[in-house]
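Source file query.txt; content: compact mmCIF, C-alpha atoms.
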```
# COMPACT_ATOMS: atom_id res chain seq x y z
CA MET A 1 107.17 75.67 128.71
CA LYS A 2 108.07 72.00 128.37
CA TYR A 3 105.11 71.49 126.02
CA LEU A 4 106.72 73.89 123.55
CA ARG A 5 109.98 71.94 123.43
CA PHE A 6 108.94 69.75 120.52
CA GLY A 7 109.95 70.42 116.94
CA TYR A 8 106.40 70.08 115.64
CA VAL A 9 105.33 72.84 118.11
CA THR A 10 108.34 75.20 118.07
CA GLY A 11 108.65 75.13 114.28
CA PRO A 12 105.08 76.22 113.46
CA LEU A 13 105.06 78.77 116.32
CA LEU A 14 108.25 80.48 115.13
CA GLY A 15 107.00 80.11 111.56
CA VAL A 16 103.85 82.09 112.34
CA LEU A 17 105.68 84.79 114.32
CA TRP A 18 108.43 85.28 111.74
CA THR A 19 105.96 85.21 108.83
CA PHE A 20 103.96 88.00 110.46
CA VAL A 21 107.12 90.07 111.17
CA VAL A 22 108.23 89.81 107.55
CA ALA A 23 104.70 90.44 106.30
CA VAL A 24 104.48 93.70 108.26
CA THR A 25 107.91 94.75 107.02
CA VAL A 26 107.15 93.99 103.37
CA ALA A 27 103.70 95.61 103.52
CA VAL A 28 105.09 98.84 104.97
CA ALA A 29 108.08 98.90 102.59
CA MET A 30 105.98 98.24 99.49
CA SER A 31 103.35 100.78 100.49
CA PHE A 32 106.01 103.46 100.98
CA ALA A 33 107.97 102.57 97.85
CA THR A 34 105.08 102.19 95.41
CA GLY A 35 102.23 104.21 96.92
CA GLU A 36 99.97 101.19 96.41
CA ALA A 37 97.90 99.49 99.12
CA PHE A 38 99.61 96.60 100.93
CA ARG A 39 98.62 95.41 104.38
CA PRO A 40 99.65 92.49 106.60
CA SER A 41 97.21 89.77 107.60
CA ILE A 42 97.41 87.89 110.91
CA SER A 43 95.20 85.07 109.63
CA GLY A 44 97.35 84.80 106.51
CA ALA A 45 100.48 84.63 108.64
CA VAL A 46 98.95 81.78 110.66
CA LEU A 47 97.71 79.96 107.55
CA PHE A 48 101.07 80.10 105.77
CA GLY A 49 103.42 80.18 108.77
CA ILE A 50 102.37 76.85 110.27
CA PRO A 51 103.13 74.66 107.21
CA THR A 52 106.29 76.65 106.49
CA GLY A 53 107.61 76.03 110.01
CA LEU A 54 106.72 72.34 109.87
CA ALA A 55 108.35 71.90 106.46
CA LEU A 56 111.59 73.57 107.52
CA VAL A 57 111.83 71.51 110.72
CA TRP A 58 111.26 68.34 108.71
CA ARG A 59 113.85 69.23 106.06
CA GLU A 60 115.96 72.41 106.17
CA ARG A 61 116.56 73.71 102.65
CA ALA A 62 116.97 77.48 102.62
CA MET A 63 117.31 78.05 98.87
CA ILE A 64 114.53 75.63 97.93
CA ALA A 65 112.24 77.05 100.61
CA SER A 66 112.82 80.63 99.45
CA ALA A 67 112.12 79.74 95.80
CA VAL A 68 108.99 77.75 96.59
CA LEU A 69 107.66 80.38 98.97
CA THR A 70 108.23 83.14 96.39
CA VAL A 71 106.01 81.31 93.89
CA VAL A 72 103.41 80.48 96.54
CA TYR A 73 103.20 84.07 97.77
CA PHE A 74 102.91 85.45 94.26
CA VAL A 75 99.92 83.18 93.64
CA ALA A 76 98.49 84.13 97.04
CA LEU A 77 98.88 87.86 96.33
CA SER A 78 97.14 87.40 92.98
CA LEU A 79 94.25 85.59 94.69
CA GLY A 80 93.98 88.15 97.50
CA ILE A 81 95.08 85.80 100.28
CA GLY A 82 98.29 85.28 102.25
CA PRO A 83 100.26 87.13 104.93
CA VAL A 84 100.22 90.29 102.78
CA LEU A 85 97.04 91.48 101.11
CA THR A 86 96.62 93.86 98.19
CA SER A 87 93.72 94.66 95.94
CA ASN A 88 94.94 96.79 93.07
CA ALA A 89 98.74 96.46 93.05
CA SER A 90 100.49 96.18 89.71
CA LEU A 91 102.05 92.94 88.45
CA ILE A 92 105.58 94.20 89.08
CA ALA A 93 104.70 95.24 92.63
CA ARG A 94 103.23 91.80 93.35
CA VAL A 95 106.31 90.06 91.96
CA VAL A 96 108.64 92.20 94.08
CA ALA A 97 106.51 91.69 97.20
CA ALA A 98 106.41 87.91 96.63
CA LEU A 99 110.20 87.85 96.14
CA PHE A 100 110.80 89.73 99.38
CA LEU A 101 108.33 87.51 101.24
CA GLY A 102 109.86 84.30 99.89
CA ILE A 103 113.46 85.24 100.67
CA GLY A 104 112.65 87.11 103.89
CA ILE A 105 110.66 84.22 105.34
CA GLY A 106 112.29 81.13 103.83
CA TRP A 107 115.97 81.85 104.29
CA PRO A 108 116.03 83.24 107.87
CA LEU A 109 113.46 80.73 109.12
CA ALA A 110 115.56 77.87 107.71
CA VAL A 111 118.52 79.20 109.71
CA TYR A 112 116.46 79.58 112.90
CA LEU A 113 115.07 76.03 112.68
CA LYS A 114 118.21 74.37 111.34
CA GLU A 115 119.05 72.41 114.50
CA LEU A 116 115.48 71.29 115.28
CA THR A 117 113.92 67.88 114.79
CA MET A 118 110.29 66.85 114.81
CA GLY A 119 110.58 65.13 118.18
CA ALA A 120 111.52 66.33 121.66
CA LEU A 121 114.10 69.12 121.82
CA THR A 122 116.83 69.71 124.33
CA ARG A 123 116.76 72.96 126.23
CA HIS A 124 119.75 74.18 124.25
CA GLU A 125 118.11 73.47 120.87
CA PHE A 126 114.88 75.18 121.88
CA GLU A 127 116.52 78.27 123.35
CA ASP A 128 118.93 78.57 120.43
CA ALA A 129 116.06 78.68 117.92
CA VAL A 130 114.07 81.17 119.99
CA ILE A 131 117.08 83.44 120.57
CA LYS A 132 117.92 83.46 116.84
CA ALA A 133 114.34 84.41 116.00
CA LEU A 134 114.29 87.18 118.64
CA LYS A 135 117.62 88.49 117.36
CA GLY A 136 116.20 88.62 113.82
CA PHE A 137 113.13 90.44 115.09
CA GLY A 138 115.39 92.94 116.89
CA TYR A 139 117.32 93.65 113.71
CA VAL A 140 114.13 94.23 111.73
CA PHE A 141 112.46 96.31 114.44
CA PHE A 142 115.35 98.69 115.15
CA THR A 143 116.21 99.02 111.47
CA ALA A 144 112.62 100.02 110.77
CA ILE A 145 112.69 102.60 113.59
CA VAL A 146 115.74 104.24 112.03
CA VAL A 147 115.05 103.82 108.31
CA ILE A 148 111.31 104.55 108.03
CA PRO A 149 111.36 108.12 109.46
CA PHE A 150 114.45 108.97 107.40
CA TYR A 151 112.88 107.50 104.25
CA VAL A 152 109.65 109.45 104.79
CA MET A 153 111.65 112.63 105.37
CA VAL A 154 113.72 112.21 102.19
CA MET A 155 110.80 111.19 99.97
CA THR A 156 108.65 114.07 101.21
CA SER A 157 111.45 116.54 100.48
CA LEU A 158 111.54 115.35 96.84
CA LYS A 159 107.85 115.98 96.19
CA ASN A 160 106.03 119.10 95.06
CA GLN A 161 102.99 120.69 96.63
CA ALA A 162 100.51 119.17 94.16
CA GLU A 163 101.70 115.62 94.89
CA LEU A 164 101.49 116.16 98.63
CA MET A 165 97.98 117.57 98.37
CA GLN A 166 96.85 114.71 96.15
CA ASN A 167 98.03 111.93 98.49
CA PRO A 168 100.04 112.86 101.61
CA LEU A 169 100.66 109.16 102.40
CA ASP A 170 102.21 108.34 99.02
CA PHE A 171 105.97 108.20 99.59
CA SER A 172 106.95 107.06 96.12
CA ILE A 173 108.67 109.51 93.76
CA ASP A 174 108.32 110.33 90.09
CA LEU A 175 111.79 109.90 88.57
CA SER A 176 110.63 111.50 85.31
CA ARG A 177 110.94 114.91 87.00
CA GLY A 178 114.73 114.62 86.81
CA TRP A 179 116.58 117.44 88.57
CA GLY A 180 113.21 118.94 89.44
CA LEU A 181 113.11 116.49 92.34
CA PHE A 182 115.65 118.70 94.14
CA ARG A 183 113.72 121.93 93.72
CA SER A 184 113.06 122.23 97.47
CA TYR A 185 116.78 122.04 98.23
CA VAL A 186 117.60 124.71 95.64
CA GLU A 187 114.91 127.00 97.02
CA LEU A 188 116.20 126.54 100.58
CA MET A 189 119.68 127.65 99.53
CA THR A 190 118.58 130.52 97.31
CA GLU A 191 115.47 131.87 99.03
CA PHE A 192 115.70 130.76 102.67
CA ASN A 193 119.40 131.43 103.35
CA PHE A 194 120.19 127.87 104.42
CA GLY A 195 123.79 128.12 103.26
CA THR A 196 124.38 130.79 105.91
CA TYR A 197 122.63 128.69 108.55
CA MET A 198 124.90 125.74 107.80
CA TRP A 199 128.04 127.88 107.99
CA THR A 200 126.88 129.43 111.28
CA SER A 201 126.22 126.01 112.80
CA PHE A 202 129.57 124.74 111.57
CA TYR A 203 131.77 127.43 113.07
CA ILE A 204 129.74 127.57 116.29
CA SER A 205 130.21 123.80 116.64
CA VAL A 206 133.95 124.07 115.95
CA LEU A 207 134.34 126.88 118.51
CA THR A 208 132.36 124.84 121.03
CA VAL A 209 134.73 121.91 120.52
CA LEU A 210 137.81 124.11 121.01
CA ILE A 211 136.47 125.84 124.14
CA THR A 212 135.30 122.53 125.59
CA LEU A 213 138.69 120.88 125.10
CA LEU A 214 140.45 123.97 126.49
CA PHE A 215 138.65 123.55 129.82
CA ALA A 216 138.04 119.80 129.84
CA ILE A 217 141.63 118.64 129.28
CA PRO A 218 143.22 120.35 132.32
CA GLY A 219 140.12 119.66 134.44
CA ALA A 220 140.05 115.96 133.59
CA TYR A 221 143.82 115.66 134.09
CA ALA A 222 143.60 117.30 137.49
CA VAL A 223 140.84 114.94 138.61
CA ALA A 224 142.68 111.89 137.26
CA ARG A 225 146.24 112.65 138.37
CA LEU A 226 146.46 115.33 141.05
CA ARG A 227 145.56 114.98 144.71
CA PHE A 228 143.58 117.80 146.34
CA ARG A 229 140.85 118.31 148.93
CA GLY A 230 137.41 117.42 147.57
CA GLN A 231 138.77 115.51 144.57
CA ALA A 232 136.42 112.55 144.98
CA THR A 233 133.38 114.80 145.45
CA PHE A 234 134.29 116.88 142.40
CA SER A 235 134.82 113.74 140.33
CA ARG A 236 131.39 112.35 141.22
CA SER A 237 129.58 115.66 140.69
CA ILE A 238 130.86 116.34 137.18
CA LEU A 239 127.69 115.07 135.54
CA LEU A 240 125.27 116.59 138.03
CA ILE A 241 124.42 119.34 135.53
CA TYR A 242 122.65 116.71 133.42
CA MET A 243 120.32 115.94 136.29
CA VAL A 244 118.78 119.39 135.81
CA PRO A 245 116.70 119.58 132.60
CA MET A 246 117.77 122.41 130.32
CA ILE A 247 114.17 123.63 130.14
CA VAL A 248 114.41 124.45 133.87
CA LEU A 249 117.40 126.70 133.18
CA ALA A 250 115.82 128.30 130.12
CA LEU A 251 114.18 131.25 131.90
CA PRO A 252 117.22 132.20 134.05
CA ILE A 253 119.50 131.98 131.01
CA TYR A 254 117.12 134.10 128.95
CA ILE A 255 116.89 136.79 131.65
CA ALA A 256 120.63 136.84 132.31
CA PHE A 257 121.55 137.03 128.62
CA SER A 258 118.96 139.75 128.00
CA MET A 259 120.36 141.87 130.85
CA MET A 260 123.94 141.43 129.61
CA GLY A 261 123.05 142.16 125.97
CA LEU A 262 124.11 138.67 124.84
CA ARG A 263 120.72 137.53 123.61
CA ASN A 264 120.40 137.32 119.84
CA SER A 265 124.17 137.15 119.39
CA ILE A 266 126.58 134.47 118.21
CA ALA A 267 128.88 135.29 121.13
CA GLY A 268 126.13 134.37 123.59
CA ILE A 269 125.56 131.03 121.87
CA VAL A 270 129.28 130.26 121.87
CA MET A 271 129.41 131.07 125.59
CA ILE A 272 126.46 128.90 126.62
CA TYR A 273 127.02 125.79 124.47
CA PRO A 274 130.23 124.70 126.29
CA VAL A 275 128.28 124.76 129.56
CA THR A 276 126.38 121.73 128.31
CA THR A 277 129.39 119.94 126.79
CA ILE A 278 132.25 120.48 129.26
CA PRO A 279 130.84 118.09 131.96
CA VAL A 280 130.49 115.15 129.58
CA ALA A 281 133.93 115.87 128.08
CA LEU A 282 135.43 115.97 131.58
CA TYR A 283 133.78 112.68 132.46
CA MET A 284 135.00 110.94 129.29
CA LEU A 285 138.56 112.26 129.46
CA GLN A 286 139.17 111.60 133.14
CA GLY A 287 138.47 107.92 132.64
CA TYR A 288 140.95 107.79 129.78
CA PHE A 289 143.63 109.71 131.67
CA ARG A 290 143.31 107.31 134.60
CA GLY A 291 143.96 104.44 132.20
CA LEU A 292 147.28 105.85 131.01
CA PRO A 293 150.33 104.44 132.85
CA ALA A 294 151.41 107.01 135.45
CA GLU A 295 155.00 105.76 135.18
CA ILE A 296 155.40 107.42 131.76
CA GLU A 297 154.52 110.83 133.18
CA GLU A 298 156.70 110.28 136.24
CA ALA A 299 159.62 109.52 133.95
CA GLY A 300 159.02 112.82 132.16
CA LEU A 301 158.99 114.69 135.47
CA MET A 302 162.25 113.04 136.47
CA ASP A 303 163.77 114.15 133.17
CA GLY A 304 163.12 117.76 134.11
CA LEU A 305 159.79 118.43 132.39
CA SER A 306 157.23 120.58 134.14
CA ARG A 307 153.70 119.33 134.71
CA LEU A 308 152.39 121.37 131.76
CA GLN A 309 155.17 120.03 129.52
CA VAL A 310 154.29 116.49 130.57
CA ILE A 311 150.66 117.11 129.59
CA TRP A 312 151.61 118.70 126.26
CA LYS A 313 154.40 116.34 125.19
CA ILE A 314 153.34 113.01 126.72
CA THR A 315 149.71 112.87 127.85
CA LEU A 316 148.02 114.59 124.90
CA PRO A 317 149.83 112.61 122.15
CA LEU A 318 148.85 109.38 123.92
CA SER A 319 145.26 110.63 124.26
CA LEU A 320 144.56 111.43 120.60
CA PRO A 321 141.93 108.66 120.19
CA ALA A 322 140.02 109.93 123.24
CA LEU A 323 140.35 113.56 122.14
CA ALA A 324 139.02 112.66 118.68
CA SER A 325 136.00 110.84 120.09
CA VAL A 326 135.23 113.63 122.56
CA SER A 327 135.57 116.26 119.81
CA LEU A 328 133.18 114.36 117.55
CA TYR A 329 130.66 113.89 120.35
CA VAL A 330 130.79 117.56 121.36
CA PHE A 331 130.50 118.64 117.71
CA MET A 332 127.33 116.56 117.30
CA ILE A 333 125.81 118.03 120.47
CA ALA A 334 126.49 121.59 119.30
CA TRP A 335 125.32 120.89 115.73
CA ASN A 336 122.00 119.40 116.87
CA GLU A 337 121.27 121.80 119.76
CA PHE A 338 117.89 123.47 119.38
CA LEU A 339 116.43 124.74 122.67
CA LEU A 340 119.05 127.40 123.45
CA ALA A 341 119.23 128.55 119.84
CA PHE A 342 115.44 128.81 119.64
CA MET A 343 115.29 130.74 122.89
CA LEU A 344 118.18 133.17 122.32
CA LEU A 345 118.16 133.85 118.56
CA ASP A 346 115.52 135.99 116.84
CA ASP A 347 117.54 137.56 114.00
CA PRO A 348 117.31 135.31 110.87
CA SER A 349 120.80 136.39 109.81
CA LYS A 350 122.21 134.70 112.95
CA PHE A 351 120.14 131.52 112.94
CA THR A 352 121.82 128.17 113.43
CA LEU A 353 120.66 125.31 111.23
CA THR A 354 118.23 123.89 113.78
CA ARG A 355 116.79 127.35 114.43
CA GLY A 356 116.41 127.86 110.69
CA ILE A 357 114.54 124.58 110.33
CA ALA A 358 112.16 125.64 113.10
CA SER A 359 111.39 128.80 111.13
CA LEU A 360 110.12 126.60 108.28
CA ASN A 361 107.43 125.07 110.50
CA SER A 362 104.74 127.41 109.25
CA SER A 363 101.45 127.01 107.41
CA GLU A 364 102.77 129.45 104.81
CA ILE A 365 105.78 127.29 103.91
CA PRO A 366 105.27 123.97 102.06
CA ARG A 367 105.99 120.84 104.07
CA GLN A 368 108.58 119.59 101.56
CA HIS A 369 110.81 122.55 102.46
CA LEU A 370 110.71 121.57 106.14
CA MET A 371 111.65 118.00 105.25
CA ALA A 372 114.43 119.18 102.94
CA GLY A 373 115.83 121.32 105.73
CA SER A 374 115.77 118.31 108.06
CA VAL A 375 117.68 116.24 105.50
CA ILE A 376 120.29 118.99 105.14
CA ALA A 377 120.76 119.04 108.92
CA THR A 378 120.87 115.25 109.27
CA VAL A 379 123.01 114.02 106.38
CA PRO A 380 126.30 115.89 107.14
CA ILE A 381 126.42 114.85 110.79
CA MET A 382 125.36 111.30 109.86
CA ALA A 383 128.14 111.06 107.28
CA LEU A 384 130.63 112.46 109.78
CA PHE A 385 129.60 109.97 112.44
CA LEU A 386 129.64 106.95 110.11
CA GLY A 387 133.00 107.96 108.68
CA LEU A 388 134.64 108.42 112.08
CA GLU A 389 132.69 105.80 114.02
CA LYS A 390 135.66 103.45 114.47
CA PHE A 391 137.78 106.29 115.87
CA MET A 392 134.98 107.30 118.22
CA THR A 393 134.50 103.73 119.43
CA LYS A 394 138.24 103.33 119.92
CA GLY A 395 138.44 106.54 121.91
CA LEU A 396 135.48 105.67 124.11
CA THR A 397 136.75 102.19 124.95
CA ALA A 398 140.44 103.07 125.27
CA GLY A 399 141.34 103.43 128.90
CA SER A 400 138.50 101.17 130.04
CA VAL A 401 141.18 98.62 130.98
CA LYS A 402 144.03 100.06 132.99
CA GLY A 403 147.53 99.56 131.61
```
How does this structure look as structure tokens?
Amino acid sequence: MKYLRFGYVTGPLLGVLWTFVVAVTVAVAMSFATGEAFRPSISGAVLFGIPTGLALVWRERAMIASAVLTVVYFVALSLGIGPVLTSNASLIARVVAALFLGIGIGWPLAVYLKELTMGALTRHEFEDAVIKALKGFGYVFFTAIVVIPFYVMVMTSLKNQAELMQNPLDFSIDLSRGWGLFRSYVELMTEFNFGTYMWTSFYISVLTVLITLLFAIPGAYAVARLRFRGQATFSRSILLIYMVPMIVLALPIYIAFSMMGLRNSIAGIVMIYPVTTIPVALYMLQGYFRGLPAEIEEAGLMDGLSRLQVIWKITLPLSLPALASVSLYVFMIAWNEFLLAFMLLDDPSKFTLTRGIASLNSSEIPRQHLMAGSVIATVPIMALFLGLEKFMTKGLTAGSVKG
């Protein structure tokens, strides 16, 4: 390791690694966005990464490096060399790819290598540069994991059957089609009854939240505040249900619901969903209730309030952040649940949204309809989560520190 702690070694090494990371990212992004052929090159990353790393260790200039690299990569793309290769890409595509390569490599790499010199490095300087580069790689990697599948899903939903048959791997779109891009979504609402599926999922999720809170609040309060035989054992066993995979319970649930006449009914779904959400709600709420000062509740009891009045007038108002986060979490579980809905629902008029999407997975139904259904199921819950994320985070962390 000590042989790497020299600027003229660390700089080129990080230059090669980061150049290849950006090259892969740009090649994938440009291929998806334009439908043209871009591919990363390891040899090109080595050839261009080494001098880039050396130059930025010698003199850190982020803006100058990005501008110079943009020009260099455009020339390299035109000549068919470099960290990204293309054979028949248009001029505009090559310019955009070179711009992304220049900025994506030059600017971050200048930041990573800012504190390095050509000579021997201290342990702190070496580790700081490596950690910055790894952090940048983490951002790129996890962003790609999230964005690429969603992008493919959305772009596929905006295509027609002829485009998919012509080139299934072309994820660019033809903007000249105008509102025709959304034909799959219109057909899902008008011909496949997706509006009803969304409404069914919505009110089932809301009912699941209400039933879960109805049982979880008194249960969590009892575990957190009251003293009774077996309290510690009950507290530790709340999440034991999650140790048993739902697929193991599928057959017994199916048999029991069939015998009771609850299969293929909304009532059966509303009864079974809280079974999967109450334990996690209990676990989340008991931790928050333990974090609330017991003296406030004791003061209420001394003022003549009953235990239920203390819960209603004191504990619950103080617990609104936790209740909001638990409600959002339970709503997302119920909205996205698939296995139980797939197993218990056969009547299309009672399908939840996830069950309706599964019905689109057929050779007789175009793939763009399946992708459009997935977008419809994903976007509302994503918007809800992003909009209420700060409240959810506040509710989950509140009560982590007592007092």
Using only C-alpha atoms, what does the table of region 252-369 of chain A residues within 9 Å of region 219-238 of chain A look like, with each row giving the shortest atom pair and its distance in Å to one decimal, sorted by chain and ascending number, as a tab-separated table?
```
residue	atom	partner	partner_atom	distance
A:Pro279	CA	A:Ile238	CA	5.5
A:Val280	CA	A:Ile238	CA	7.7
A:Ala281	CA	A:Ala220	CA	8.2
A:Leu282	CA	A:Ala220	CA	5.0
A:Tyr283	CA	A:Ile238	CA	6.6
A:Met284	CA	A:Ala220	CA	8.3
A:Leu285	CA	A:Ala220	CA	5.7
A:Gln286	CA	A:Ala220	CA	4.5
A:Gly287	CA	A:Ala224	CA	7.4
A:Tyr288	CA	A:Ala224	CA	8.7
A:Phe289	CA	A:Ala224	CA	6.1
A:Arg290	CA	A:Ala224	CA	5.3
A:Ala294	CA	A:Arg225	CA	8.2
A:Ile311	CA	A:Tyr221	CA	8.3
```
Using only C-alpha atoms, what does the table of region 240-321 of chain A residues within 7 Å of region 333-350 of chain A look like, with each row giving the shortest atom pair and its distance in Å to one decimal, sorted by chain and ascending number, as CSV?
```
residue,atom,partner,partner_atom,distance
A:Tyr254,CA,A:Leu344,CA,6.8
A:Arg263,CA,A:Leu344,CA,5.2
A:Asn264,CA,A:Leu345,CA,4.3
A:Ser265,CA,A:Leu345,CA,6.9
A:Ile266,CA,A:Lys350,CA,6.8
A:Tyr273,CA,A:Ala334,CA,6.7
```
Could you write out that same residue set with C-alpha atoms as an mmCIF file, keeping the file's coordinate frame?
```cif
data_model
loop_
_atom_site.group_PDB
_atom_site.id
_atom_site.type_symbol
_atom_site.label_atom_id
_atom_site.label_comp_id
_atom_site.auth_asym_id
_atom_site.auth_seq_id
_atom_site.Cartn_x
_atom_site.Cartn_y
_atom_site.Cartn_z
ATOM 1 C CA TYR A 254 117.120 134.100 128.950
ATOM 2 C CA ARG A 263 120.720 137.530 123.610
ATOM 3 C CA ASN A 264 120.400 137.320 119.840
ATOM 4 C CA SER A 265 124.170 137.150 119.390
ATOM 5 C CA ILE A 266 126.580 134.470 118.210
ATOM 6 C CA TYR A 273 127.020 125.790 124.470
#
```
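The two atoms in question, CA of Ile148 (chain A) and CA of Thr25 (chain A), are spaced 10.4 Å apart.
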Worksheet item: What lies within 12 Å of Ala372 (chain A) using only C-alpha atoms, ignoring chain neighbours under 4 positions off, as a PyMOL selection string?
Response: chain A and resi 150-160+181-189+192+194+356-357+360-361+365-368+376-379
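Of the listed residues A:Ser176, A:Thr70, A:Ser78, A:Ser327, the one whose atoms come nearest to Ser205 (chain A) is A:Ser327, with distances taken using all atoms listed in the file.
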Worksheet item: Which neighbours of Glu127 (chain A) fall inside 10 Å, counting only C-alpha atoms, when residues of the same chain fewer than 6 positions from it are skipped, and could you give them as a ChimeraX atom specification?
Response: /A:5,121,133
Selected residues, C-alpha atoms, written as an mmCIF file, keeping the file's coordinate frame, please.
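Everything below was put into out-v6.cif:
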```cif
data_model
loop_
_atom_site.group_PDB
_atom_site.id
_atom_site.type_symbol
_atom_site.label_atom_id
_atom_site.label_comp_id
_atom_site.auth_asym_id
_atom_site.auth_seq_id
_atom_site.Cartn_x
_atom_site.Cartn_y
_atom_site.Cartn_z
ATOM 1 C CA ARG A 5 109.980 71.940 123.430
ATOM 2 C CA LEU A 121 114.100 69.120 121.820
ATOM 3 C CA ALA A 133 114.340 84.410 116.000
#
```
Item to complete: Go through A:Ile173, A:Leu386, A:Leu54, A:Ile105 and flag the residue nearest Val68 (chain A), using only C-alpha atoms for the distances.
Response: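 Closest residue, counting only C-alpha atoms: A:Ile105.
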Item to complete: Please provide the set of residues having any atom within 10 Å of Pro274 (chain A), restricted to all atoms listed in the file, with same-chain residues fewer than 3 positions apart removed, written as a ChimeraX atom specification.
Response: /A:205,207-213,215-216,269-271,277-279,281,330,333-334
Worksheet entry | CA of Lys132 (chain A) to CA of Phe74 (chain A), straight-line distance in Å |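 So the answer is 27.2 Å.
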Practice prompt. Could you tell me which of A:Pro321, A:Thr86, A:Thr52, A:Tyr73 comes closest to Met30 (chain A) if we count only C-alpha atoms?
Written response: A:Thr86
Quick one: 3 Å padding each side, axis-aligned, all listed atoms of region 162-171 of chain A - centre and edge lengths in Å to one decimal, as JSON?
```
{"center_x": 101.4, "center_y": 113.7, "center_z": 98.3, "size_x": 15.1, "size_y": 17.0, "size_z": 14.2}
```
